[in-house]
$ cat run11.pdb   # PDB, C-alpha atoms
MODEL        1
ATOM      1  CA  MET A 108     121.647 117.423 101.102  1.00  0.00           C
ATOM      2  CA  ASN A 109     124.026 119.555 103.160  1.00  0.00           C
ATOM      3  CA  GLU A 110     121.235 120.706 105.459  1.00  0.00           C
ATOM      4  CA  LEU A 111     120.145 117.123 106.133  1.00  0.00           C
ATOM      5  CA  ILE A 112     123.718 116.027 106.804  1.00  0.00           C
ATOM      6  CA  SER A 113     124.089 118.892 109.284  1.00  0.00           C
ATOM      7  CA  ARG A 114     120.904 117.881 111.093  1.00  0.00           C
ATOM      8  CA  VAL A 115     122.065 114.273 111.382  1.00  0.00           C
ATOM      9  CA  LYS A 116     125.456 115.413 112.698  1.00  0.00           C
ATOM     10  CA  GLU A 117     123.674 117.480 115.346  1.00  0.00           C
ATOM     11  CA  LEU A 118     121.762 114.387 116.422  1.00  0.00           C
ATOM     12  CA  GLU A 119     124.968 112.393 116.568  1.00  0.00           C
ATOM     13  CA  ASN A 120     126.312 114.926 119.046  1.00  0.00           C
ATOM     14  CA  SER A 121     123.179 114.773 121.206  1.00  0.00           C
ATOM     15  CA  GLU A 122     121.703 112.292 123.685  1.00  0.00           C
ATOM     16  CA  VAL A 123     119.752 110.739 120.805  1.00  0.00           C
ATOM     17  CA  ASN A 124     122.965 109.094 119.628  1.00  0.00           C
ATOM     18  CA  SER A 125     123.232 106.914 122.740  1.00  0.00           C
ATOM     19  CA  THR A 126     119.619 105.766 122.265  1.00  0.00           C
ATOM     20  CA  VAL A 127     120.351 104.905 118.634  1.00  0.00           C
ATOM     21  CA  GLU A 128     123.516 103.017 119.598  1.00  0.00           C
ATOM     22  CA  ARG A 129     121.600 100.979 122.190  1.00  0.00           C
ATOM     23  CA  ARG A 130     119.027 100.047 119.585  1.00  0.00           C
ATOM     24  CA  LEU A 131     121.743  99.017 117.139  1.00  0.00           C
ATOM     25  CA  SER A 132     123.308  96.847 119.862  1.00  0.00           C
ATOM     26  CA  GLU A 133     119.944  95.130 120.344  1.00  0.00           C
ATOM     27  CA  PHE A 134     119.803  94.398 116.622  1.00  0.00           C
ATOM     28  CA  ALA A 135     123.370  93.058 116.611  1.00  0.00           C
ATOM     29  CA  CYS A 136     122.557  90.691 119.493  1.00  0.00           C
ATOM     30  CA  PHE A 137     119.670  89.194 117.554  1.00  0.00           C
ATOM     31  CA  LYS A 138     122.089  86.828 115.834  1.00  0.00           C
ATOM     32  CA  ASN A 139     122.332  84.983 119.153  1.00  0.00           C
ATOM     33  CA  LYS A 140     118.571  84.533 119.511  1.00  0.00           C
ATOM     34  CA  SER A 141     116.577  81.391 118.777  1.00  0.00           C
ATOM     35  CA  ASP A 142     114.907  80.321 115.542  1.00  0.00           C
ATOM     36  CA  ASP A 143     111.526  80.996 117.151  1.00  0.00           C
ATOM     37  CA  GLU A 144     112.501  84.584 117.946  1.00  0.00           C
ATOM     38  CA  TRP A 145     113.700  85.100 114.379  1.00  0.00           C
ATOM     39  CA  PHE A 146     110.368  83.825 113.112  1.00  0.00           C
ATOM     40  CA  SER A 147     108.521  86.103 115.524  1.00  0.00           C
ATOM     41  CA  GLU A 148     110.450  89.081 114.173  1.00  0.00           C
ATOM     42  CA  LEU A 149     109.624  88.037 110.618  1.00  0.00           C
ATOM     43  CA  CYS A 150     105.941  87.946 111.572  1.00  0.00           C
ATOM     44  CA  PHE A 151     106.285  91.413 113.087  1.00  0.00           C
ATOM     45  CA  CYS A 152     107.636  92.709 109.767  1.00  0.00           C
ATOM     46  CA  ILE A 153     104.791  90.999 107.875  1.00  0.00           C
ATOM     47  CA  LEU A 154     102.344  92.750 110.198  1.00  0.00           C
ATOM     48  CA  ALA A 155     104.136  96.108 109.935  1.00  0.00           C
ATOM     49  CA  ALA A 156     103.800  96.319 106.146  1.00  0.00           C
ATOM     50  CA  ASN A 157     101.238  99.051 105.354  1.00  0.00           C
ATOM     51  CA  ALA A 158     100.329  99.291 109.031  1.00  0.00           C
ATOM     52  CA  LYS A 159     101.285 101.202 112.166  1.00  0.00           C
ATOM     53  CA  GLN A 160     104.456  99.901 113.754  1.00  0.00           C
ATOM     54  CA  LYS A 161     103.137 100.238 117.303  1.00  0.00           C
ATOM     55  CA  THR A 162     100.064  98.179 116.394  1.00  0.00           C
ATOM     56  CA  SER A 163     102.316  95.474 114.967  1.00  0.00           C
ATOM     57  CA  GLU A 164     104.507  95.486 118.089  1.00  0.00           C
ATOM     58  CA  ALA A 165     101.414  95.108 120.275  1.00  0.00           C
ATOM     59  CA  ILE A 166     100.250  92.120 118.227  1.00  0.00           C
ATOM     60  CA  GLN A 167     103.705  90.541 118.356  1.00  0.00           C
ATOM     61  CA  SER A 168     103.792  90.921 122.130  1.00  0.00           C
ATOM     62  CA  GLN A 169     100.343  89.412 122.505  1.00  0.00           C
ATOM     63  CA  ILE A 170     100.779  86.416 120.194  1.00  0.00           C
ATOM     64  CA  ASN A 171     104.490  85.800 121.042  1.00  0.00           C
ATOM     65  CA  ALA A 172     106.935  83.496 119.254  1.00  0.00           C
ATOM     66  CA  GLU A 173     105.155  80.268 120.186  1.00  0.00           C
ATOM     67  CA  GLY A 174     101.783  81.594 119.049  1.00  0.00           C
ATOM     68  CA  PHE A 175     103.077  82.630 115.655  1.00  0.00           C
ATOM     69  CA  LYS A 176     104.218  79.042 115.086  1.00  0.00           C
ATOM     70  CA  THR A 177     101.268  77.128 116.534  1.00  0.00           C
ATOM     71  CA  LEU A 178      97.997  79.090 116.568  1.00  0.00           C
ATOM     72  CA  SER A 179      95.359  78.355 113.953  1.00  0.00           C
ATOM     73  CA  GLN A 180      94.757  80.801 111.129  1.00  0.00           C
ATOM     74  CA  GLU A 181      91.349  81.616 112.595  1.00  0.00           C
ATOM     75  CA  THR A 182      92.830  82.432 116.011  1.00  0.00           C
ATOM     76  CA  LEU A 183      95.595  84.529 114.462  1.00  0.00           C
ATOM     77  CA  THR A 184      92.990  86.434 112.464  1.00  0.00           C
ATOM     78  CA  ASP A 185      90.935  87.132 115.584  1.00  0.00           C
ATOM     79  CA  LEU A 186      93.940  88.324 117.605  1.00  0.00           C
ATOM     80  CA  ILE A 187      95.166  90.573 114.799  1.00  0.00           C
ATOM     81  CA  LYS A 188      91.665  91.983 114.326  1.00  0.00           C
ATOM     82  CA  LEU A 189      91.378  92.588 118.070  1.00  0.00           C
ATOM     83  CA  ASN A 190      94.224  95.088 117.745  1.00  0.00           C
ATOM     84  CA  LYS A 191      92.357  96.967 114.988  1.00  0.00           C
ATOM     85  CA  HIS A 192      94.738  95.890 112.233  1.00  0.00           C
ATOM     86  CA  ARG A 193      93.080  96.542 108.862  1.00  0.00           C
ATOM     87  CA  PHE A 194      94.379  93.443 107.075  1.00  0.00           C
ATOM     88  CA  HIS A 195      93.742  90.747 109.680  1.00  0.00           C
ATOM     89  CA  ASN A 196      92.677  88.013 107.238  1.00  0.00           C
ATOM     90  CA  THR A 197      95.551  88.559 104.807  1.00  0.00           C
ATOM     91  CA  LYS A 198      98.205  88.891 107.501  1.00  0.00           C
ATOM     92  CA  ALA A 199      97.092  85.667 109.194  1.00  0.00           C
ATOM     93  CA  LYS A 200      97.366  83.847 105.844  1.00  0.00           C
ATOM     94  CA  TYR A 201     100.853  85.240 105.282  1.00  0.00           C
ATOM     95  CA  ILE A 202     102.009  84.114 108.744  1.00  0.00           C
ATOM     96  CA  ILE A 203     100.678  80.595 108.157  1.00  0.00           C
ATOM     97  CA  HIS A 204     102.482  80.488 104.796  1.00  0.00           C
ATOM     98  CA  ALA A 205     105.728  81.749 106.370  1.00  0.00           C
ATOM     99  CA  ARG A 206     105.776  78.766 108.728  1.00  0.00           C
ATOM    100  CA  LYS A 207     107.093  76.690 105.822  1.00  0.00           C
ATOM    101  CA  SER A 208     110.397  78.551 106.171  1.00  0.00           C
ATOM    102  CA  ALA A 209     110.487  78.889 109.972  1.00  0.00           C
ATOM    103  CA  SER A 210     112.575  75.861 110.930  1.00  0.00           C
ATOM    104  CA  ASN A 211     115.813  76.899 109.191  1.00  0.00           C
ATOM    105  CA  LEU A 212     115.166  80.613 108.701  1.00  0.00           C
ATOM    106  CA  LYS A 213     118.051  81.924 110.819  1.00  0.00           C
ATOM    107  CA  GLU A 214     120.640  79.479 109.469  1.00  0.00           C
ATOM    108  CA  ASN A 215     119.516  79.997 105.895  1.00  0.00           C
ATOM    109  CA  LEU A 216     119.770  83.783 106.045  1.00  0.00           C
ATOM    110  CA  LEU A 217     123.040  83.992 107.981  1.00  0.00           C
ATOM    111  CA  GLU A 218     124.736  81.850 105.339  1.00  0.00           C
ATOM    112  CA  GLN A 219     124.032  84.477 102.661  1.00  0.00           C
ATOM    113  CA  THR A 220     125.070  88.045 101.955  1.00  0.00           C
ATOM    114  CA  GLU A 221     122.583  90.696 103.032  1.00  0.00           C
ATOM    115  CA  GLN A 222     121.500  91.367  99.447  1.00  0.00           C
ATOM    116  CA  VAL A 223     121.023  87.675  98.619  1.00  0.00           C
ATOM    117  CA  ALA A 224     119.169  87.121 101.898  1.00  0.00           C
ATOM    118  CA  ARG A 225     116.842  89.991 101.041  1.00  0.00           C
ATOM    119  CA  ASP A 226     116.138  88.614  97.584  1.00  0.00           C
ATOM    120  CA  TRP A 227     115.378  85.212  99.107  1.00  0.00           C
ATOM    121  CA  LEU A 228     112.890  86.714 101.553  1.00  0.00           C
ATOM    122  CA  VAL A 229     111.120  88.663  98.810  1.00  0.00           C
ATOM    123  CA  GLN A 230     110.872  85.563  96.633  1.00  0.00           C
ATOM    124  CA  ASN A 231     109.811  83.103  99.332  1.00  0.00           C
ATOM    125  CA  ILE A 232     107.825  84.918 102.032  1.00  0.00           C
ATOM    126  CA  LYS A 233     104.371  86.209 101.117  1.00  0.00           C
ATOM    127  CA  GLY A 234     103.726  89.746 102.306  1.00  0.00           C
ATOM    128  CA  ILE A 235     107.428  90.628 102.305  1.00  0.00           C
ATOM    129  CA  GLY A 236     108.740  93.113  99.753  1.00  0.00           C
ATOM    130  CA  MET A 237     112.054  94.941  99.510  1.00  0.00           C
ATOM    131  CA  LYS A 238     111.238  97.327 102.350  1.00  0.00           C
ATOM    132  CA  GLU A 239     109.927  94.634 104.709  1.00  0.00           C
ATOM    133  CA  ALA A 240     112.833  92.291 103.961  1.00  0.00           C
ATOM    134  CA  SER A 241     115.306  95.102 104.638  1.00  0.00           C
ATOM    135  CA  HIS A 242     113.463  95.928 107.866  1.00  0.00           C
ATOM    136  CA  PHE A 243     113.608  92.326 109.058  1.00  0.00           C
ATOM    137  CA  LEU A 244     117.286  91.922 108.213  1.00  0.00           C
ATOM    138  CA  ARG A 245     118.181  95.203 109.943  1.00  0.00           C
ATOM    139  CA  ASN A 246     116.277  94.118 113.050  1.00  0.00           C
ATOM    140  CA  THR A 247     118.203  90.843 113.087  1.00  0.00           C
ATOM    141  CA  GLY A 248     121.628  92.428 112.746  1.00  0.00           C
ATOM    142  CA  SER A 249     122.262  93.490 109.156  1.00  0.00           C
ATOM    143  CA  GLN A 250     123.838  96.925 108.798  1.00  0.00           C
ATOM    144  CA  ASN A 251     124.011  97.793 105.121  1.00  0.00           C
ATOM    145  CA  LEU A 252     120.474  97.877 103.721  1.00  0.00           C
ATOM    146  CA  ALA A 253     118.073 100.810 103.436  1.00  0.00           C
ATOM    147  CA  ILE A 254     114.521 100.579 104.768  1.00  0.00           C
ATOM    148  CA  LEU A 255     112.747 102.860 102.325  1.00  0.00           C
ATOM    149  CA  ASP A 256     109.475 103.425 104.132  1.00  0.00           C
ATOM    150  CA  ARG A 257     107.352 106.540 103.667  1.00  0.00           C
ATOM    151  CA  HIS A 258     109.235 108.484 106.355  1.00  0.00           C
ATOM    152  CA  ILE A 259     112.609 107.928 104.699  1.00  0.00           C
ATOM    153  CA  ILE A 260     111.292 108.545 101.177  1.00  0.00           C
ATOM    154  CA  ASN A 261     109.598 111.748 102.337  1.00  0.00           C
ATOM    155  CA  ILE A 262     112.630 113.164 104.107  1.00  0.00           C
ATOM    156  CA  LEU A 263     114.871 112.437 101.104  1.00  0.00           C
ATOM    157  CA  SER A 264     112.311 114.039  98.813  1.00  0.00           C
ATOM    158  CA  GLU A 265     111.734 117.081 101.036  1.00  0.00           C
ATOM    159  CA  ASN A 266     115.479 117.703 101.045  1.00  0.00           C
ATOM    160  CA  LYS A 267     115.531 117.464  97.238  1.00  0.00           C
ATOM    161  CA  ILE A 268     117.873 114.494  97.329  1.00  0.00           C
ATOM    162  CA  ILE A 269     115.500 112.327  95.292  1.00  0.00           C
ATOM    163  CA  ILE A 270     112.323 112.803  93.289  1.00  0.00           C
ATOM    164  CA  LYS A 271     109.584 110.970  95.142  1.00  0.00           C
ATOM    165  CA  PRO A 272     108.669 107.925  93.021  1.00  0.00           C
ATOM    166  CA  LYS A 273     105.048 107.182  92.147  1.00  0.00           C
ATOM    167  CA  THR A 274     105.765 103.474  92.565  1.00  0.00           C
ATOM    168  CA  LEU A 275     108.742 101.841  94.243  1.00  0.00           C
ATOM    169  CA  THR A 276     109.778  99.013  91.925  1.00  0.00           C
ATOM    170  CA  PRO A 277     112.712  96.788  92.973  1.00  0.00           C
ATOM    171  CA  GLN A 278     114.942  98.627  90.484  1.00  0.00           C
ATOM    172  CA  LYS A 279     113.894 102.052  91.772  1.00  0.00           C
ATOM    173  CA  TYR A 280     114.297 100.787  95.348  1.00  0.00           C
ATOM    174  CA  LYS A 281     117.907  99.826  94.681  1.00  0.00           C
ATOM    175  CA  GLU A 282     118.602 103.164  92.969  1.00  0.00           C
ATOM    176  CA  ILE A 283     117.352 105.151  95.968  1.00  0.00           C
ATOM    177  CA  GLU A 284     119.066 102.724  98.338  1.00  0.00           C
ATOM    178  CA  GLN A 285     122.391 103.546  96.723  1.00  0.00           C
ATOM    179  CA  VAL A 286     121.744 107.259  97.287  1.00  0.00           C
ATOM    180  CA  PHE A 287     120.942 106.443 100.923  1.00  0.00           C
ATOM    181  CA  ILE A 288     124.129 104.383 101.291  1.00  0.00           C
ATOM    182  CA  ASN A 289     126.166 107.242  99.817  1.00  0.00           C
ATOM    183  CA  ILE A 290     124.746 109.652 102.413  1.00  0.00           C
ATOM    184  CA  ALA A 291     125.593 107.183 105.174  1.00  0.00           C
ATOM    185  CA  SER A 292     129.126 106.903 103.806  1.00  0.00           C
ATOM    186  CA  THR A 293     129.488 110.695 103.797  1.00  0.00           C
ATOM    187  CA  LEU A 294     128.438 110.697 107.450  1.00  0.00           C
ATOM    188  CA  ARG A 295     130.760 107.753 108.213  1.00  0.00           C
ATOM    189  CA  MET A 296     127.932 105.699 109.645  1.00  0.00           C
ATOM    190  CA  THR A 297     126.157 102.529 108.621  1.00  0.00           C
ATOM    191  CA  PRO A 298     122.888 102.676 106.684  1.00  0.00           C
ATOM    192  CA  ALA A 299     121.268 101.016 109.720  1.00  0.00           C
ATOM    193  CA  LYS A 300     122.290 103.933 111.941  1.00  0.00           C
ATOM    194  CA  LEU A 301     121.296 106.552 109.371  1.00  0.00           C
ATOM    195  CA  ASP A 302     117.852 104.965 109.137  1.00  0.00           C
ATOM    196  CA  LEU A 303     117.296 105.370 112.878  1.00  0.00           C
ATOM    197  CA  MET A 304     118.574 108.940 112.785  1.00  0.00           C
ATOM    198  CA  LEU A 305     116.260 109.927 109.937  1.00  0.00           C
ATOM    199  CA  TRP A 306     113.337 108.131 111.588  1.00  0.00           C
ATOM    200  CA  TYR A 307     113.970 110.217 114.693  1.00  0.00           C
ATOM    201  CA  LEU A 308     114.075 113.419 112.647  1.00  0.00           C
ATOM    202  CA  LYS A 309     110.713 112.550 111.119  1.00  0.00           C
ATOM    203  CA  THR A 310     108.890 111.017 114.095  1.00  0.00           C
ATOM    204  CA  GLY A 311     110.774 111.950 117.260  1.00  0.00           C
ATOM    205  CA  GLU A 312     111.206 108.241 118.060  1.00  0.00           C
ATOM    206  CA  VAL A 313     113.914 105.608 117.761  1.00  0.00           C
ATOM    207  CA  ALA A 314     111.777 102.690 116.666  1.00  0.00           C
ATOM    208  CA  LYS A 315     112.710  99.118 115.825  1.00  0.00           C
TER     209      LYS A 315
ENDMDL
END

$ encode --input "run11.pdb" --output "structure tokens"
Amino acid sequence: MNELISRVKELENSEVNSTVERRLSEFACFKNKSDDEWFSELCFCILAANAKQKTSEAIQSQINAEGFKTLSQETLTDLIKLNKHRFHNTKAKYIIHARKSASNLKENLLEQTEQVARDWLVQNIKGIGMKEASHFLRNTGSQNLAILDRHIINILSENKIIIKPKTLTPQKYKEIEQVFINIASTLRMTPAKLDLMLWYLKTGEVAK
């Protein structure tokens, strides 16, 4: 763990830190955005599950907030497929289903704690699990959840901080999340910032 902490501290003292801080400011400002933009970001996270993030961003940009709310399932499927997304049929179905929660999504989630909001998303939005719910909430301003995608799991495992799980059940997710939160606390940074730092260590990018 000490080696990883040292690497993150080095990043914090480099130009990467300012890029990370700008990204975190963008997330924090999301609380001032419209319901449609919140729904668009939810659709992005649905698309990003088990898929390349850049592909999902391209689809989000092409369809836009209005399209996610109004296009037919067939049209959504075609547009997602056009971007070479493997699960175009399933993702279009999930987006259509998510529309049931679109009208009061922002208000509903901001009224709850981050953990309760995450549980609600997992229980009510098809295609959203613990990781995707945490991703969405981080992108809309939450600071204290871990996004345990393969990059984060791998870097924790490679540094012998955790044993890589064969399956990531909700219980196992929360166990590893607590380890992640403890590391963030040691570094005196939020889990949201640590996530971006570790993502940069693994990919060389500060992604959303």

$ atom_distance --input "run11.pdb" --atom1 "atom CA of A:Leu118" --atom2 "atom CA of A:Phe243"
24.6 Å

$ closest_residue --input "run11.pdb" --among "A:Leu154, A:Lys138, A:Lys207, A:Glu128" --to "A:Ile235" --atoms "all atoms listed in the file"
A:Leu154

$ resolve_selection --input "run11.pdb" --expression "the PyMOL selection byres ((chain A and resi 294) around 12)" --output "PyMOL selection string"
chain A and resi 108-109+111-119+287-293+295-298+300-301+304

$ write_last_selection --input "run11.pdb" --atoms "C-alpha atoms" --output "PDB file, in the coordinates of the input"
ATOM      1  CA  MET A 108     121.647 117.423 101.102  1.00  0.00           C
ATOM      2  CA  ASN A 109     124.026 119.555 103.160  1.00  0.00           C
ATOM      3  CA  LEU A 111     120.145 117.123 106.133  1.00  0.00           C
ATOM      4  CA  ILE A 112     123.718 116.027 106.804  1.00  0.00           C
ATOM      5  CA  SER A 113     124.089 118.892 109.284  1.00  0.00           C
ATOM      6  CA  ARG A 114     120.904 117.881 111.093  1.00  0.00           C
ATOM      7  CA  VAL A 115     122.065 114.273 111.382  1.00  0.00           C
ATOM      8  CA  LYS A 116     125.456 115.413 112.698  1.00  0.00           C
ATOM      9  CA  GLU A 117     123.674 117.480 115.346  1.00  0.00           C
ATOM     10  CA  LEU A 118     121.762 114.387 116.422  1.00  0.00           C
ATOM     11  CA  GLU A 119     124.968 112.393 116.568  1.00  0.00           C
ATOM     12  CA  PHE A 287     120.942 106.443 100.923  1.00  0.00           C
ATOM     13  CA  ILE A 288     124.129 104.383 101.291  1.00  0.00           C
ATOM     14  CA  ASN A 289     126.166 107.242  99.817  1.00  0.00           C
ATOM     15  CA  ILE A 290     124.746 109.652 102.413  1.00  0.00           C
ATOM     16  CA  ALA A 291     125.593 107.183 105.174  1.00  0.00           C
ATOM     17  CA  SER A 292     129.126 106.903 103.806  1.00  0.00           C
ATOM     18  CA  THR A 293     129.488 110.695 103.797  1.00  0.00           C
ATOM     19  CA  ARG A 295     130.760 107.753 108.213  1.00  0.00           C
ATOM     20  CA  MET A 296     127.932 105.699 109.645  1.00  0.00           C
ATOM     21  CA  THR A 297     126.157 102.529 108.621  1.00  0.00           C
ATOM     22  CA  PRO A 298     122.888 102.676 106.684  1.00  0.00           C
ATOM     23  CA  LYS A 300     122.290 103.933 111.941  1.00  0.00           C
ATOM     24  CA  LEU A 301     121.296 106.552 109.371  1.00  0.00           C
ATOM     25  CA  MET A 304     118.574 108.940 112.785  1.00  0.00           C
TER      26      MET A 304
END

$ resolve_selection --input "run11.pdb" --expression "the PyMOL selection byres ((chain A and resi 246) around 10)" --output "MDAnalysis selection string"
chainID A and resid 130:131 133:138 145 148:149 152 240:245 247:250 299 315

$ resolve_selection --input "run11.pdb" --expression "the PyMOL selection byres ((chain A and resi 259) around 12)" --output "ChimeraX atom specification"
/A:111,238,253-258,260-266,268-269,271,280,283-284,286-287,298,301-310

$ closest_residue --input "run11.pdb" --among "A:Glu282, A:Asp142, A:Glu110, A:Glu122" --to "A:Asn211" --atoms "only C-alpha atoms"
A:Asp142

$ atom_distance --input "run11.pdb" --atom1 "atom CA of A:Ala209" --atom2 "atom CA of A:Ser147"
9.3 Å

$ axis_aligned_box --input "run11.pdb" --around "stretch 239-256 of chain A" --padding-each-side "3 Å" --output "lines of an AutoDock Vina configuration file"
center_x = 116.7
center_y = 97.1
center_z = 107.7
size_x = 20.5
size_y = 18.6
size_z = 16.8

$ closest_residue --input "run11.pdb" --among "A:Ala172, A:Ala165, A:Leu275, A:Ile202" --to "A:Ile153" --atoms "only C-alpha atoms"
A:Ile202

$ closest_residue --input "run11.pdb" --among "A:Ala158, A:Ser163, A:Leu189, A:Phe146" --to "A:Thr177" --atoms "all atoms listed in the file"
A:Phe146

$ closest_residue --input "run11.pdb" --among "A:Gln160, A:Thr184, A:Asn231, A:Ser132" --to "A:Leu212" --atoms "only C-alpha atoms"
A:Asn231

$ atom_distance --input "run11.pdb" --atom1 "atom CA of A:Val229" --atom2 "atom CA of A:His204"
13.3 Å

$ closest_residue --input "run11.pdb" --among "A:Glu312, A:Glu214, A:Glu144, A:Asp226" --to "A:Gln167" --atoms "all atoms listed in the file"
A:Glu144

$ residues_near_point --input "run11.pdb" --point "(95.9, 95.7, 116.9)" --cutoff "8 Å" --atoms "only C-alpha atoms" --output "list in words"
Thr162, Ser163, Ala165, Ile166, Leu186, Ile187, Lys188, Leu189, Asn190, Lys191 and His192 of chain A
